[in-house]
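Trainee: Below is the structure I would like to discuss, written out as structure tokens.
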2 protein chains.
Amino acid sequence: MNIPNLLAVLRNVRMKSFDKGEILIRVGSAKNDVFFIRKGLVRSYVVEKEANEITFQIYAEHQVFTNAHTVLFGEPSKFYYQALEHTKVYTIEYNAFLKLTSQNSELLELNRSYFGKKIIQQAFQRVESFVFLSPEERYQKFVKDNPKLIHRVPDKYIANVLGITPVSLSRIRNRISKKK
Amino acid sequence: MNIPNLLAVLRNVRMKSFDKGEILIRVGSAKNDVFFIRKGLVRSYVVEKEANEITFQIYAEHQVFTNAHTVLFGEPSKFYYQALEHTKVYTIEYNAFLKLTSQNSELLELNRSYFGKKIIQQAFQRVESFVFLSPEERYQKFVKDNPKLIHRVPDKYIANVLGITPVSLSRIRNRISKKK
DNA sequence: TTCATTTATTATCCTTTGTTAACGCCACAT
DNA sequence: ATGTGGCGTTAACAAAGGATAATAAATGAA
């Protein structure tokens, strides 16, 4: 990437910090922001009736995430995005990002190959895990794919991500430890 | 879209027909083909040990599908893609499609907004259905979203897509009909 | 049409999960 | 240090799902 283009990108990038528990994106927000996590941990979640939260996904260092409902569907966010630890991000408005990338073939490739594909891949492989694996196998895969996360993320969030209850996750862990 | 560009696209598009049961893409294939279904029905599936098949997804008229493992991950296909009815498709090699779209801003937008987003949307919403819904609710949503498909697709395939067994799907249907 | 094969339903049994609640533990704030 | 609230585990029960097999229904081929 040449220097002028790099600068053009950087002018549009903001660095932000969030304390543990702070909300990055609220339900109803229509901001097209794209985030890259430099440090920390973020979860997306919905609030069901009466303060019952369900975590949809967890994002860690060097991962890209975005307000999916807005960027993908053009709708207000149905999720909250919350920092689980003190978290530092780079953020850029998606349309600014698109504009820049469409003016530059290298960036275009980056956009298409990195940003786009990463998000598709994650979703696609996650669907595969639901169709082909049992909850127990899904947990084993999660541990294998995210060995460091399990010590940083409360189990109840991981259970939600796997599509099961925290109680069931606890039993699965128990079962696995007995098998060895 | 202007005429020269349209012609350039059309030169790369092939029309193909497949009989019921015929395979469009085999496991191991590394073809970057993108398909648009004009008529008919296609399913993707894996073969587990000893001729046990699990259907991953079903595609109907006017839907776009592709050899996801190859186009997204650069790997050989893990799925078979099979016509469930006599099926007519338009097909184009993905790199030819990319080349064309990158030379034309309208097509580029089409590619990004239609092809890419449709696939992301499908996967994303499917993950949501696994995280937030029970198997029974997932089935209800499937019926609502695909009212015509349930009469054309064998239940055993739908069960797989929902991440449950055919026996369980039958019980769910029974339960629902009793509730009314 | 008839026969053979596939598919859907139902039954049985066993395992897993959901729900609710109790208990102990840990982190955190006071 | 001492509560306090939140979290993970465990228990008990009910509901649902998986596996297998038998039967009924539907499909397709001859």
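In the structure tokens, chains take letters A, B, ... by order of appearance, with residues numbered from 1 within each chain and ligands from 1 in the order shown.
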Running DSSP on the backbone, which parts of range 70-161 of chain B land in helix (DSSP H, G or I), as a PyMOL selection string?

Mentor: chain B and resi 70-73+94-102+105-132+135-145+149-151+155-161

Trainee: Mind writing the picked residues with C-alpha atoms as a PDB file, in the first residue's frame?

Mentor:
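Once everything was written out, this is part_25.pdb:
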ATOM      1  CA  THR B  70     -13.576 -23.504  -2.490  1.00  0.00           C
ATOM      2  CA  VAL B  71     -14.779 -19.952  -3.037  1.00  0.00           C
ATOM      3  CA  LEU B  72     -14.638 -18.923   0.618  1.00  0.00           C
ATOM      4  CA  PHE B  73     -11.811 -21.013   1.996  1.00  0.00           C
ATOM      5  CA  TYR B  94     -16.234 -17.097  -9.869  1.00  0.00           C
ATOM      6  CA  ASN B  95     -12.934 -15.550 -10.917  1.00  0.00           C
ATOM      7  CA  ALA B  96     -14.373 -14.570 -14.270  1.00  0.00           C
ATOM      8  CA  PHE B  97     -17.260 -13.043 -12.365  1.00  0.00           C
ATOM      9  CA  LEU B  98     -14.878 -11.162 -10.084  1.00  0.00           C
ATOM     10  CA  LYS B  99     -12.836  -9.909 -12.997  1.00  0.00           C
ATOM     11  CA  LEU B 100     -15.900  -8.586 -14.723  1.00  0.00           C
ATOM     12  CA  THR B 101     -17.292  -6.973 -11.638  1.00  0.00           C
ATOM     13  CA  SER B 102     -14.031  -5.260 -10.768  1.00  0.00           C
ATOM     14  CA  SER B 105     -18.692  -0.263 -10.814  1.00  0.00           C
ATOM     15  CA  GLU B 106     -22.330  -1.238 -11.221  1.00  0.00           C
ATOM     16  CA  LEU B 107     -21.486  -4.886 -11.311  1.00  0.00           C
ATOM     17  CA  LEU B 108     -19.142  -4.380  -8.432  1.00  0.00           C
ATOM     18  CA  GLU B 109     -21.987  -3.054  -6.399  1.00  0.00           C
ATOM     19  CA  LEU B 110     -24.152  -5.930  -7.506  1.00  0.00           C
ATOM     20  CA  ASN B 111     -21.492  -8.376  -6.502  1.00  0.00           C
ATOM     21  CA  ARG B 112     -20.914  -6.812  -3.152  1.00  0.00           C
ATOM     22  CA  SER B 113     -24.473  -6.071  -2.284  1.00  0.00           C
ATOM     23  CA  TYR B 114     -26.236  -9.018  -3.811  1.00  0.00           C
ATOM     24  CA  PHE B 115     -23.958 -11.986  -4.035  1.00  0.00           C
ATOM     25  CA  GLY B 116     -21.875 -11.354  -0.962  1.00  0.00           C
ATOM     26  CA  LYS B 117     -24.524 -10.044   1.315  1.00  0.00           C
ATOM     27  CA  LYS B 118     -27.086 -12.663   0.474  1.00  0.00           C
ATOM     28  CA  ILE B 119     -24.711 -15.403   1.489  1.00  0.00           C
ATOM     29  CA  ILE B 120     -23.665 -13.649   4.670  1.00  0.00           C
ATOM     30  CA  GLN B 121     -27.259 -12.925   5.563  1.00  0.00           C
ATOM     31  CA  GLN B 122     -28.332 -16.496   5.157  1.00  0.00           C
ATOM     32  CA  ALA B 123     -25.528 -17.811   7.289  1.00  0.00           C
ATOM     33  CA  PHE B 124     -25.890 -15.120   9.925  1.00  0.00           C
ATOM     34  CA  GLN B 125     -29.621 -15.542  10.330  1.00  0.00           C
ATOM     35  CA  ARG B 126     -29.197 -19.264  10.490  1.00  0.00           C
ATOM     36  CA  VAL B 127     -26.739 -18.959  13.356  1.00  0.00           C
ATOM     37  CA  GLU B 128     -29.240 -16.707  15.105  1.00  0.00           C
ATOM     38  CA  SER B 129     -31.898 -19.378  14.754  1.00  0.00           C
ATOM     39  CA  PHE B 130     -29.624 -21.932  16.433  1.00  0.00           C
ATOM     40  CA  VAL B 131     -28.635 -19.649  19.284  1.00  0.00           C
ATOM     41  CA  PHE B 132     -32.015 -18.118  20.059  1.00  0.00           C
ATOM     42  CA  PRO B 135     -35.767 -26.976  17.488  1.00  0.00           C
ATOM     43  CA  GLU B 136     -39.529 -26.564  17.448  1.00  0.00           C
ATOM     44  CA  GLU B 137     -39.303 -22.799  16.983  1.00  0.00           C
ATOM     45  CA  ARG B 138     -36.649 -23.342  14.345  1.00  0.00           C
ATOM     46  CA  TYR B 139     -39.022 -25.557  12.423  1.00  0.00           C
ATOM     47  CA  GLN B 140     -41.840 -23.013  12.704  1.00  0.00           C
ATOM     48  CA  LYS B 141     -39.526 -20.353  11.348  1.00  0.00           C
ATOM     49  CA  PHE B 142     -38.452 -22.607   8.508  1.00  0.00           C
ATOM     50  CA  VAL B 143     -42.065 -23.196   7.503  1.00  0.00           C
ATOM     51  CA  LYS B 144     -42.779 -19.492   7.698  1.00  0.00           C
ATOM     52  CA  ASP B 145     -39.718 -18.559   5.666  1.00  0.00           C
ATOM     53  CA  LEU B 149     -40.476 -25.848   0.252  1.00  0.00           C
ATOM     54  CA  ILE B 150     -41.958 -28.189   2.852  1.00  0.00           C
ATOM     55  CA  HIS B 151     -44.143 -29.797   0.216  1.00  0.00           C
ATOM     56  CA  ASP B 155     -38.642 -34.204   5.747  1.00  0.00           C
ATOM     57  CA  LYS B 156     -35.409 -36.020   6.394  1.00  0.00           C
ATOM     58  CA  TYR B 157     -33.513 -33.296   4.571  1.00  0.00           C
ATOM     59  CA  ILE B 158     -35.324 -30.534   6.422  1.00  0.00           C
ATOM     60  CA  ALA B 159     -34.571 -32.252   9.716  1.00  0.00           C
ATOM     61  CA  ASN B 160     -30.857 -32.218   8.931  1.00  0.00           C
ATOM     62  CA  VAL B 161     -30.973 -28.556   7.995  1.00  0.00           C
TER      63      VAL B 161
END

Trainee: What residues in chain B have any atom no more than 10 Å from chain C when counting only C-alpha atoms (C1' of nucleotides), and can you write them as a list in words?

Mentor: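 The contacting residues on chain B are Pro154, Asp155, Lys156, Pro166, Val167, Ser170, Arg171 and Asn174 of chain B.
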
Trainee: Determine, using only C-alpha atoms (C1' of nucleotides), which residues of chain B have any atom at most 9 Å from an atom of chain D, and tabulate each with its shortest atom pair and distance in Å to one decimal place, rows ordered by chain and then rising number, as a Markdown table.

Mentor:
| residue | atom | partner | partner_atom | distance |
| --- | --- | --- | --- | --- |
| B:Ile164 | CA | D:DG17 | C1' | 8.2 |
| B:Thr165 | CA | D:DG18 | C1' | 7.6 |
| B:Val167 | CA | D:DG18 | C1' | 8.8 |
| B:Ser168 | CA | D:DG17 | C1' | 6.5 |

Trainee: Output N, CA and C atoms of each residue in that selection to a file, as a PDB file, in the first residue's frame.

Mentor:
ATOM      1  N   ILE B 164     -31.617 -31.516  13.614  1.00  0.00           N
ATOM      2  CA  ILE B 164     -32.268 -32.570  14.398  1.00  0.00           C
ATOM      3  C   ILE B 164     -32.443 -33.821  13.546  1.00  0.00           C
ATOM      4  N   THR B 165     -32.971 -34.886  14.156  1.00  0.00           N
ATOM      5  CA  THR B 165     -33.179 -36.129  13.411  1.00  0.00           C
ATOM      6  C   THR B 165     -34.562 -36.123  12.769  1.00  0.00           C
ATOM      7  N   VAL B 167     -36.800 -38.380  12.979  1.00  0.00           N
ATOM      8  CA  VAL B 167     -37.758 -38.849  13.979  1.00  0.00           C
ATOM      9  C   VAL B 167     -38.206 -37.697  14.868  1.00  0.00           C
ATOM     10  N   SER B 168     -37.259 -36.913  15.272  1.00  0.00           N
ATOM     11  CA  SER B 168     -37.587 -35.782  16.134  1.00  0.00           C
ATOM     12  C   SER B 168     -38.455 -34.767  15.391  1.00  0.00           C
TER      13      SER B 168
END

Trainee: Can you work out the spacing between CA of Ile25 in chain A and CA of Ala51 in chain A in Å, to one decimal?

Mentor: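 The value is 17.6 Å.
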
Trainee: What is the CA of Arg43 in chain B to CA of Ser177 in chain B distance in Å?

Mentor: 27.3 Å

Trainee: Which parts of chain A does DSSP call strand (DSSP E) when run on the backbone here, written out as an mmCIF file with N, CA and C atoms, in the first residue's frame?

Mentor:
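File written: selection33.cif
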data_model
loop_
_atom_site.group_PDB
_atom_site.id
_atom_site.type_symbol
_atom_site.label_atom_id
_atom_site.label_comp_id
_atom_site.auth_asym_id
_atom_site.auth_seq_id
_atom_site.Cartn_x
_atom_site.Cartn_y
_atom_site.Cartn_z
ATOM 1 N N ARG A 14 -10.385 5.871 13.922
ATOM 2 C CA ARG A 14 -10.351 6.412 15.280
ATOM 3 C C ARG A 14 -9.901 5.319 16.235
ATOM 4 N N MET A 15 -9.183 5.719 17.248
ATOM 5 C CA MET A 15 -8.864 4.777 18.316
ATOM 6 C C MET A 15 -9.787 5.074 19.474
ATOM 7 N N LYS A 16 -10.321 4.037 20.055
ATOM 8 C CA LYS A 16 -11.189 4.239 21.205
ATOM 9 C C LYS A 16 -10.885 3.222 22.286
ATOM 10 N N SER A 17 -11.223 3.584 23.508
ATOM 11 C CA SER A 17 -11.069 2.668 24.634
ATOM 12 C C SER A 17 -12.389 2.533 25.371
ATOM 13 N N PHE A 18 -12.627 1.349 25.871
ATOM 14 C CA PHE A 18 -13.852 1.097 26.622
ATOM 15 C C PHE A 18 -13.510 0.368 27.916
ATOM 16 N N ILE A 23 -20.719 -0.253 26.969
ATOM 17 C CA ILE A 23 -21.415 -0.629 25.734
ATOM 18 C C ILE A 23 -20.798 0.099 24.538
ATOM 19 N N LEU A 24 -20.432 -0.659 23.498
ATOM 20 C CA LEU A 24 -19.883 -0.056 22.283
ATOM 21 C C LEU A 24 -20.993 0.303 21.302
ATOM 22 N N ILE A 25 -21.965 -0.590 21.184
ATOM 23 C CA ILE A 25 -23.110 -0.368 20.291
ATOM 24 C C ILE A 25 -24.363 -0.783 21.051
ATOM 25 N N ASP A 33 -20.419 1.294 11.976
ATOM 26 C CA ASP A 33 -19.029 1.255 12.394
ATOM 27 C C ASP A 33 -18.430 -0.145 12.306
ATOM 28 N N VAL A 34 -17.194 -0.162 11.856
ATOM 29 C CA VAL A 34 -16.433 -1.407 11.835
ATOM 30 C C VAL A 34 -15.337 -1.300 12.890
ATOM 31 N N PHE A 35 -15.169 -2.351 13.668
ATOM 32 C CA PHE A 35 -14.194 -2.323 14.757
ATOM 33 C C PHE A 35 -13.121 -3.382 14.556
ATOM 34 N N PHE A 36 -11.924 -3.009 14.914
ATOM 35 C CA PHE A 36 -10.837 -3.982 14.998
ATOM 36 C C PHE A 36 -10.337 -3.959 16.434
ATOM 37 N N ILE A 37 -10.288 -5.103 17.086
ATOM 38 C CA ILE A 37 -9.919 -5.146 18.499
ATOM 39 C C ILE A 37 -8.410 -5.228 18.656
ATOM 40 N N ARG A 38 -7.824 -4.189 19.229
ATOM 41 C CA ARG A 38 -6.375 -4.204 19.498
ATOM 42 C C ARG A 38 -6.096 -4.991 20.764
ATOM 43 N N LYS A 39 -6.990 -4.847 21.701
ATOM 44 C CA LYS A 39 -6.773 -5.466 23.011
ATOM 45 C C LYS A 39 -8.124 -5.565 23.714
ATOM 46 N N VAL A 42 -14.931 -8.459 23.462
ATOM 47 C CA VAL A 42 -16.263 -7.877 23.259
ATOM 48 C C VAL A 42 -17.267 -8.998 23.048
ATOM 49 N N ARG A 43 -18.463 -8.821 23.600
ATOM 50 C CA ARG A 43 -19.525 -9.778 23.301
ATOM 51 C C ARG A 43 -20.711 -9.036 22.718
ATOM 52 N N SER A 44 -21.455 -9.739 21.854
ATOM 53 C CA SER A 44 -22.736 -9.209 21.397
ATOM 54 C C SER A 44 -23.826 -10.015 22.076
ATOM 55 N N TYR A 45 -24.922 -9.349 22.418
ATOM 56 C CA TYR A 45 -25.995 -10.062 23.122
ATOM 57 C C TYR A 45 -27.322 -9.356 22.933
ATOM 58 N N VAL A 46 -28.389 -10.126 23.149
ATOM 59 C CA VAL A 46 -29.729 -9.553 23.125
ATOM 60 C C VAL A 46 -30.290 -9.610 24.539
ATOM 61 N N VAL A 47 -31.256 -8.739 24.808
ATOM 62 C CA VAL A 47 -31.963 -8.790 26.088
ATOM 63 C C VAL A 47 -33.372 -9.295 25.836
ATOM 64 N N GLU A 48 -33.651 -10.482 26.363
ATOM 65 C CA GLU A 48 -35.006 -11.015 26.257
ATOM 66 C C GLU A 48 -35.861 -10.420 27.353
ATOM 67 N N ASN A 52 -33.335 -10.872 30.841
ATOM 68 C CA ASN A 52 -32.625 -12.107 30.559
ATOM 69 C C ASN A 52 -31.775 -11.941 29.307
ATOM 70 N N GLU A 53 -30.457 -11.995 29.487
ATOM 71 C CA GLU A 53 -29.553 -11.767 28.359
ATOM 72 C C GLU A 53 -29.128 -13.066 27.691
ATOM 73 N N ILE A 54 -28.991 -13.040 26.375
ATOM 74 C CA ILE A 54 -28.418 -14.163 25.646
ATOM 75 C C ILE A 54 -27.273 -13.646 24.791
ATOM 76 N N THR A 55 -26.086 -14.205 25.032
ATOM 77 C CA THR A 55 -24.899 -13.795 24.294
ATOM 78 C C THR A 55 -24.856 -14.492 22.946
ATOM 79 N N PHE A 56 -24.620 -13.713 21.901
ATOM 80 C CA PHE A 56 -24.617 -14.286 20.557
ATOM 81 C C PHE A 56 -23.212 -14.637 20.097
ATOM 82 N N GLN A 57 -22.267 -13.775 20.380
ATOM 83 C CA GLN A 57 -20.916 -14.017 19.896
ATOM 84 C C GLN A 57 -19.894 -13.304 20.766
ATOM 85 N N ILE A 58 -18.679 -13.811 20.718
ATOM 86 C CA ILE A 58 -17.583 -13.220 21.469
ATOM 87 C C ILE A 58 -16.449 -12.908 20.498
ATOM 88 N N TYR A 59 -15.890 -11.714 20.624
ATOM 89 C CA TYR A 59 -14.811 -11.288 19.743
ATOM 90 C C TYR A 59 -13.569 -10.971 20.577
ATOM 91 N N VAL A 64 -12.174 -8.668 13.725
ATOM 92 C CA VAL A 64 -12.965 -7.558 13.212
ATOM 93 C C VAL A 64 -14.430 -7.855 13.475
ATOM 94 N N PHE A 65 -15.139 -6.882 13.952
ATOM 95 C CA PHE A 65 -16.585 -7.067 14.062
ATOM 96 C C PHE A 65 -17.268 -5.764 13.699
ATOM 97 N N THR A 66 -18.550 -5.901 13.475
ATOM 98 C CA THR A 66 -19.306 -4.738 13.056
ATOM 99 C C THR A 66 -20.745 -4.877 13.515
ATOM 100 N N TYR A 80 -26.699 -5.662 21.612
ATOM 101 C CA TYR A 80 -25.740 -4.813 22.309
ATOM 102 C C TYR A 80 -24.356 -5.391 22.064
ATOM 103 N N TYR A 81 -23.382 -4.515 22.012
ATOM 104 C CA TYR A 81 -21.984 -4.944 21.953
ATOM 105 C C TYR A 81 -21.298 -4.349 23.174
ATOM 106 N N GLN A 82 -20.754 -5.230 24.002
ATOM 107 C CA GLN A 82 -20.241 -4.806 25.306
ATOM 108 C C GLN A 82 -18.810 -5.278 25.509
ATOM 109 N N ALA A 83 -17.992 -4.421 26.082
ATOM 110 C CA ALA A 83 -16.616 -4.807 26.418
ATOM 111 C C ALA A 83 -16.626 -5.691 27.655
ATOM 112 N N THR A 87 -10.993 -2.565 26.857
ATOM 113 C CA THR A 87 -10.817 -2.908 25.444
ATOM 114 C C THR A 87 -10.439 -1.696 24.607
ATOM 115 N N LYS A 88 -9.423 -1.900 23.772
ATOM 116 C CA LYS A 88 -8.988 -0.842 22.857
ATOM 117 C C LYS A 88 -9.262 -1.270 21.430
ATOM 118 N N VAL A 89 -9.858 -0.382 20.669
ATOM 119 C CA VAL A 89 -10.211 -0.731 19.286
ATOM 120 C C VAL A 89 -9.765 0.354 18.322
ATOM 121 N N TYR A 90 -9.587 -0.052 17.069
ATOM 122 C CA TYR A 90 -9.606 0.878 15.956
ATOM 123 C C TYR A 90 -11.002 0.824 15.385
ATOM 124 N N THR A 91 -11.530 1.980 14.996
ATOM 125 C CA THR A 91 -12.860 1.962 14.405
ATOM 126 C C THR A 91 -12.919 2.909 13.216
ATOM 127 N N ILE A 92 -13.686 2.478 12.221
ATOM 128 C CA ILE A 92 -13.857 3.294 11.018
ATOM 129 C C ILE A 92 -15.287 3.141 10.546
ATOM 130 N N GLU A 93 -15.810 4.214 10.032
ATOM 131 C CA GLU A 93 -17.184 4.158 9.529
ATOM 132 C C GLU A 93 -17.175 3.320 8.251
#

Trainee: For a test of reading the model, state the distance in Å between CA of His62 in chain A and CA of Gly74 in chain B, rounded to one decimal.

Mentor: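 Atom-to-atom, CA of His62 in chain A and CA of Gly74 in chain B are spaced 21.8 Å apart.
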
Trainee: Point out the residue among A:Arg11, A:Arg26, A:Lys78, A:Lys20 with the least atom-to-atom distance to chain B, counting only C-alpha atoms.

Mentor: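 Closest to chain B, using only C-alpha atoms: A:Lys78.
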